[in-house]
file target_11.txt (compact mmCIF, C-alpha atoms)
# COMPACT_ATOMS: atom_id res chain seq x y z
CA MET A 1 24.95 -3.17 17.71
CA ILE A 2 28.30 -3.74 16.02
CA GLY A 3 29.61 -6.74 17.92
CA THR A 4 33.07 -6.31 19.41
CA LYS A 5 34.92 -6.98 22.65
CA CYS A 6 37.62 -4.38 22.13
CA ARG A 7 38.44 -2.08 25.02
CA LEU A 8 36.55 1.17 24.50
CA SER A 9 35.07 3.56 27.03
CA PHE A 10 31.78 3.66 25.10
CA LEU A 11 31.38 -0.12 24.66
CA GLN A 12 27.76 -1.04 25.39
CA TYR A 13 26.08 -4.10 26.91
CA MET A 14 22.45 -4.79 25.94
CA LYS A 15 21.11 -8.03 27.38
CA ASP A 16 18.03 -8.16 25.11
CA LYS A 17 19.99 -7.88 21.86
CA PRO A 18 21.31 -10.88 19.89
CA THR A 19 24.71 -9.15 19.92
CA LYS A 20 25.04 -8.20 23.58
CA TRP A 21 28.45 -6.50 23.61
CA GLY A 22 29.43 -3.92 21.03
CA LEU A 23 29.13 -0.43 19.62
CA LYS A 24 25.65 1.07 19.65
CA VAL A 25 24.54 2.66 16.40
CA TRP A 26 21.40 4.76 15.94
CA THR A 27 19.95 4.59 12.43
CA LEU A 28 17.46 6.59 10.38
CA CYS A 29 15.78 4.56 7.61
CA ASP A 30 13.35 5.24 4.80
CA ALA A 31 9.90 3.90 5.72
CA LYS A 32 9.17 2.57 2.22
CA VAL A 33 12.41 1.17 0.78
CA HIS A 34 14.20 0.66 4.16
CA TYR A 35 17.37 2.39 2.92
CA CYS A 36 19.64 3.70 5.68
CA LEU A 37 19.59 7.49 5.37
CA ASN A 38 21.81 8.37 8.31
CA PHE A 39 23.46 6.79 11.34
CA ASP A 40 25.21 7.91 14.48
CA LEU A 41 27.67 5.97 16.64
CA TYR A 42 26.91 6.40 20.34
CA THR A 43 30.07 7.47 22.19
CA GLY A 44 28.44 8.67 25.40
CA GLY A 45 26.81 11.85 26.62
CA ILE A 46 23.15 12.78 26.97
CA GLY A 47 22.76 16.32 25.66
CA GLU A 48 21.03 19.36 27.08
CA LYS A 49 17.52 18.10 26.27
CA GLY A 50 18.12 14.41 26.84
CA LEU A 51 19.62 11.53 24.89
CA THR A 52 16.65 10.66 22.67
CA PHE A 53 16.08 14.31 21.69
CA ARG A 54 19.75 14.67 20.76
CA VAL A 55 19.80 11.43 18.76
CA VAL A 56 16.74 12.29 16.67
CA ASN A 57 17.88 15.86 16.09
CA GLU A 58 21.32 14.73 14.92
CA LEU A 59 19.95 12.04 12.61
CA MET A 60 17.33 14.36 11.12
CA ARG A 61 19.56 17.43 10.79
CA PRO A 62 20.19 16.98 7.01
CA TYR A 63 16.45 16.46 6.40
CA LEU A 64 14.87 19.21 8.52
CA GLY A 65 12.91 21.92 6.73
CA ARG A 66 12.02 19.71 3.76
CA GLY A 67 8.51 18.69 4.75
CA HIS A 68 9.37 15.10 5.66
CA ARG A 69 7.29 12.92 7.99
CA LEU A 70 9.09 11.04 10.78
CA TYR A 71 7.85 7.93 12.61
CA THR A 72 9.31 7.09 16.03
CA ASP A 73 8.55 4.57 18.74
CA ASN A 74 7.94 5.39 22.39
CA PHE A 75 11.64 5.40 23.23
CA TYR A 76 12.08 8.63 21.27
CA THR A 77 8.68 10.35 21.09
CA SER A 78 7.93 13.33 23.32
CA PRO A 79 5.88 16.54 23.05
CA GLU A 80 9.10 18.57 23.13
CA LEU A 81 10.59 16.61 20.23
CA LEU A 82 7.48 16.90 18.04
CA ALA A 83 7.23 20.63 18.72
CA HIS A 84 10.89 21.05 17.77
CA LEU A 85 10.46 19.08 14.54
CA LEU A 86 7.30 21.01 13.64
CA SER A 87 9.17 24.30 14.05
CA HIS A 88 11.51 22.98 11.35
CA ASN A 89 8.74 22.04 8.91
CA THR A 90 8.95 18.34 9.78
CA LEU A 91 5.86 16.33 10.76
CA ALA A 92 6.03 13.38 13.14
CA VAL A 93 3.95 10.44 14.36
CA GLY A 94 4.83 8.08 17.17
CA THR A 95 3.82 6.00 20.15
CA VAL A 96 4.71 7.69 23.41
CA ARG A 97 5.15 6.80 27.06
CA ALA A 98 2.37 8.18 29.25
CA ASN A 99 4.83 9.58 31.79
CA ARG A 100 6.75 11.71 29.30
CA LYS A 101 7.28 15.31 30.38
CA HIS A 102 4.54 17.68 29.15
CA MET A 103 2.10 14.84 28.34
CA PRO A 104 -1.48 15.99 29.18
CA LEU A 105 -2.73 14.66 32.52
CA ARG A 106 -6.11 13.61 31.11
CA SER A 107 -4.42 11.14 28.76
CA LYS A 108 -2.68 9.24 31.56
CA SER A 109 -3.94 5.88 32.81
CA SER A 110 -4.37 6.97 36.42
CA GLN A 111 -6.39 10.06 35.55
CA THR A 112 -9.14 8.76 33.25
CA LYS A 113 -10.66 5.32 32.73
CA VAL A 114 -11.13 4.30 29.10
CA GLU A 115 -13.24 1.32 28.04
CA VAL A 116 -11.88 -1.26 25.60
CA GLY A 117 -12.20 -0.03 22.02
CA HIS A 118 -12.65 3.61 23.02
CA SER A 119 -10.30 6.54 22.48
CA ILE A 120 -9.46 9.91 23.98
CA PHE A 121 -8.06 12.73 21.84
CA LEU A 122 -6.51 15.93 23.16
CA LYS A 123 -5.21 18.68 20.92
CA SER A 124 -2.87 21.59 21.53
CA HIS A 125 -2.05 23.88 18.62
CA ASN A 126 -0.97 21.48 15.83
CA MET A 127 -0.25 18.45 18.02
CA THR A 128 -2.71 15.66 18.84
CA ALA A 129 -2.37 13.29 21.79
CA CYS A 130 -4.30 10.03 21.57
CA ARG A 131 -5.03 7.30 24.09
CA TRP A 132 -6.65 4.16 22.71
CA MET A 133 -7.64 1.17 24.82
CA ASP A 134 -7.01 -2.01 22.87
CA LYS A 135 -5.82 -5.03 24.86
CA ARG A 136 -3.86 -2.42 26.79
CA ASP A 137 -3.42 1.33 26.67
CA VAL A 138 -1.79 2.71 23.53
CA PHE A 139 -0.55 6.31 23.67
CA CYS A 140 0.36 8.29 20.54
CA LEU A 141 1.42 11.78 19.53
CA SER A 142 1.06 13.27 16.06
CA THR A 143 1.46 16.55 14.23
CA VAL A 144 -0.19 14.95 11.20
CA HIS A 145 -3.55 13.62 12.39
CA GLY A 146 -6.65 14.80 14.17
CA ASN A 147 -9.25 12.69 15.95
CA SER A 148 -10.34 10.51 13.01
CA LEU A 149 -11.04 6.79 13.37
CA THR A 150 -10.54 3.92 10.92
CA ASP A 151 -12.66 0.74 10.72
CA VAL A 152 -10.46 -2.36 11.08
CA THR A 153 -11.60 -5.97 10.67
CA ARG A 154 -9.93 -8.53 12.92
CA ILE A 155 -10.57 -11.90 14.54
CA LYS A 156 -12.66 -11.58 17.67
CA LYS A 157 -10.80 -12.47 20.84
CA GLY A 158 -11.81 -15.84 22.27
CA SER A 159 -13.81 -16.83 19.18
CA ALA A 160 -13.30 -19.64 16.66
CA GLY A 161 -12.26 -17.37 13.82
CA GLU A 162 -15.22 -15.00 14.12
CA ARG A 163 -14.44 -11.56 12.74
CA GLU A 164 -15.39 -8.19 14.15
CA VAL A 165 -15.06 -4.59 13.03
CA VAL A 166 -13.40 -2.23 15.51
CA GLN A 167 -12.64 1.46 15.30
CA ARG A 168 -8.98 2.27 15.59
CA PRO A 169 -7.52 5.80 15.69
CA THR A 170 -6.09 6.72 12.28
CA ILE A 171 -2.91 7.73 14.11
CA VAL A 172 -2.36 4.11 15.18
CA SER A 173 -3.18 2.67 11.74
CA ASN A 174 -0.82 5.11 10.03
CA TYR A 175 1.93 4.40 12.55
CA ASN A 176 1.60 0.63 12.08
CA ALA A 177 1.73 1.01 8.29
CA HIS A 178 4.96 3.02 8.26
CA MET A 179 7.02 1.75 11.20
CA GLY A 180 9.51 -1.04 10.70
CA GLY A 181 12.07 0.46 8.34
CA VAL A 182 14.93 -0.12 10.76
CA ASP A 183 13.77 -3.66 11.54
CA VAL A 184 13.79 -4.58 7.84
CA PHE A 185 17.17 -2.87 7.40
CA ASP A 186 18.55 -4.90 10.32
CA GLN A 187 17.17 -8.10 8.84
CA LEU A 188 18.67 -7.47 5.42
CA LEU A 189 22.00 -6.50 6.95
CA SER A 190 22.08 -9.66 9.07
CA TYR A 191 22.42 -11.70 5.87
CA ILE A 192 25.79 -10.03 5.20
CA GLN A 193 28.88 -10.86 7.23
CA LEU A 194 30.51 -7.47 7.72
CA PHE A 195 33.47 -8.45 9.83
CA GLU A 196 35.30 -11.72 10.25
CA ASP A 197 37.58 -12.60 13.14
CA ILE A 198 40.18 -15.32 13.37
CA ASN A 199 37.57 -17.79 14.60
CA GLY A 200 35.33 -17.19 11.59
CA GLY A 201 32.70 -15.34 13.59
CA GLY A 202 30.79 -12.32 12.35
CA SER A 203 29.16 -9.13 13.54
CA SER A 204 26.14 -7.24 12.35
CA LEU A 205 25.05 -3.63 12.42
CA SER A 206 21.71 -2.81 13.97
CA GLY A 207 19.83 0.30 14.91
CA GLU A 208 16.94 1.64 16.91
CA GLN A 209 13.33 1.83 15.79
CA LEU A 210 13.42 5.14 13.96
CA THR A 211 11.97 5.48 10.48
call {"tool": "encode", "arguments": {"input": "target_11.txt", "output": "structure tokens"}}
result
Amino acid sequence: MIGTKCRLSFLQYMKDKPTKWGLKVWTLCDAKVHYCLNFDLYTGGIGEKGLTFRVVNELMRPYLGRGHRLYTDNFYTSPELLAHLLSHNTLAVGTVRANRKHMPLRSKSSQTKVEVGHSIFLKSHNMTACRWMDKRDVFCLSTVHGNSLTDVTRIKKGSAGEREVVQRPTIVSNYNAHMGGVDVFDQLLSYIQLFEDINGGGSSLSGEQLT
């Protein structure tokens, strides 16, 4: 958010943000160096295929067809988006909401019970859907990974520092390793006062979780 109280038709209010009133900016950041590659000021409108599809497509437009890999959180990820990106030679990995349109029924919580530490993988063409039961259900989509698992060592729940080895889907491990570019960009930007008003206050630019 770019904090402002000016009178604009597309001024946004987000109660969970540090800057609650302002201009909403979507950002695309490099996953390794956290450099802002592109941004888009939200001025209203949803688009033919929905807001999140439009936002990602606009931000990625200069980078489509170059073999890049995109990481998105569950606000953006959908089967339709990943299929669109794949058709433009762009791979994608992301967490996804179970109720997204075109998500396979067998991956949804109400359809199949999954024990803690176990996973379900479903594949269609070049897209893999994953449901992993950790402390809660984790749903992912990927056009990069298959059904491989990675051994992860962590502290056992309820123990006094005892460690255990669990198997985590490689999709989840890869997602965790590469997400966060926008968060780091926001943090670095917060150290810089971009605008100063007559009271000496400041505003900061922030974006959504898209790397």
call {"tool": "atom_distance", "arguments": {"input": "target_11.txt", "atom1": "CA of Gly65 in chain A", "atom2": "CA of Thr95 in chain A"}}
result
22.7 Å
call {"tool": "residues_near_point", "arguments": {"input": "target_11.txt", "point": "(29.6, 0.1, 25.5)", "cutoff": "10 Å", "atoms": "only C-alpha atoms", "output": "ChimeraX atom specification"}}
result
/A:1,4-14,20-24,42-44
call {"tool": "closest_atom_pairs", "arguments": {"input": "target_11.txt", "of": "range 58-140 of chain A", "to": "range 170-183 of chain A", "cutoff": "9 Å", "atoms": "all atoms listed in the file", "output": "Markdown table"}}
result
| residue | atom | partner | partner_atom | distance |
| --- | --- | --- | --- | --- |
| A:Tyr71 | CA | A:Met179 | CA | 6.4 |
| A:Thr72 | CA | A:Met179 | CA | 7.6 |
| A:Asp73 | CA | A:Met179 | CA | 8.2 |
| A:Val93 | CA | A:Tyr175 | CA | 6.6 |
| A:Gly94 | CA | A:Tyr175 | CA | 6.6 |
| A:Thr95 | CA | A:Tyr175 | CA | 8.0 |
| A:Cys130 | CA | A:Ile171 | CA | 7.9 |
| A:Trp132 | CA | A:Val172 | CA | 8.7 |
| A:Val138 | CA | A:Val172 | CA | 8.5 |
| A:Phe139 | CA | A:Val172 | CA | 9.0 |
| A:Cys140 | CA | A:Ile171 | CA | 7.2 |
call {"tool": "write_last_selection", "arguments": {"input": "target_11.txt", "atoms": "C-alpha atoms", "output": "short mmCIF file (atom, residue, chain, number, x, y, z; two decimals), in the frame of the given file"}}
result
data_model
loop_
_atom_site.label_atom_id
_atom_site.label_comp_id
_atom_site.auth_asym_id
_atom_site.auth_seq_id
_atom_site.Cartn_x
_atom_site.Cartn_y
_atom_site.Cartn_z
CA TYR A 71 7.85 7.93 12.61
CA THR A 72 9.31 7.09 16.03
CA ASP A 73 8.55 4.57 18.74
CA VAL A 93 3.95 10.44 14.36
CA GLY A 94 4.83 8.08 17.17
CA THR A 95 3.82 6.00 20.15
CA CYS A 130 -4.30 10.03 21.57
CA TRP A 132 -6.65 4.16 22.71
CA VAL A 138 -1.79 2.71 23.53
CA PHE A 139 -0.55 6.31 23.67
CA CYS A 140 0.36 8.29 20.54
#
call {"tool": "closest_residue", "arguments": {"input": "target_11.txt", "among": "A:Arg61, A:His125, A:Arg131, A:Lys113", "to": "Arg97 in chain A", "atoms": "all atoms listed in the file"}}
result
A:Arg131
call {"tool": "atom_distance", "arguments": {"input": "target_11.txt", "atom1": "CA of Val25 in chain A", "atom2": "CA of Leu91 in chain A"}}
result
23.8 Å
call {"tool": "closest_residue", "arguments": {"input": "target_11.txt", "among": "A:Ile192, A:Ile120, A:Leu41, A:Leu81", "to": "Ser148 in chain A", "atoms": "all atoms listed in the file"}}
result
A:Ile120
call {"tool": "closest_residue", "arguments": {"input": "target_11.txt", "among": "A:Asn38, A:Leu189, A:Gly45, A:Leu85", "to": "Asn57 in chain A", "atoms": "only C-alpha atoms"}}
result
A:Leu85
call {"tool": "atom_distance", "arguments": {"input": "target_11.txt", "atom1": "CA of Trp26 in chain A", "atom2": "CA of Pro169 in chain A"}}
result
28.9 Å
call {"tool": "residues_around", "arguments": {"input": "target_11.txt", "residues": "Asp151 in chain A", "least_positions_apart": "6", "cutoff": "8 Å", "atoms": "all atoms listed in the file", "output": "list in words"}}
result
Val165, Val166, Gln167 and Arg168 of chain A
call {"tool": "write_last_selection", "arguments": {"input": "target_11.txt", "atoms": "C-alpha atoms", "output": "PDB file, keeping the file's coordinate frame"}}
result
ATOM      1  CA  VAL A 165     -15.060  -4.590  13.030  1.00  0.00           C
ATOM      2  CA  VAL A 166     -13.400  -2.230  15.510  1.00  0.00           C
ATOM      3  CA  GLN A 167     -12.640   1.460  15.300  1.00  0.00           C
ATOM      4  CA  ARG A 168      -8.980   2.270  15.590  1.00  0.00           C
TER       5      ARG A 168
END
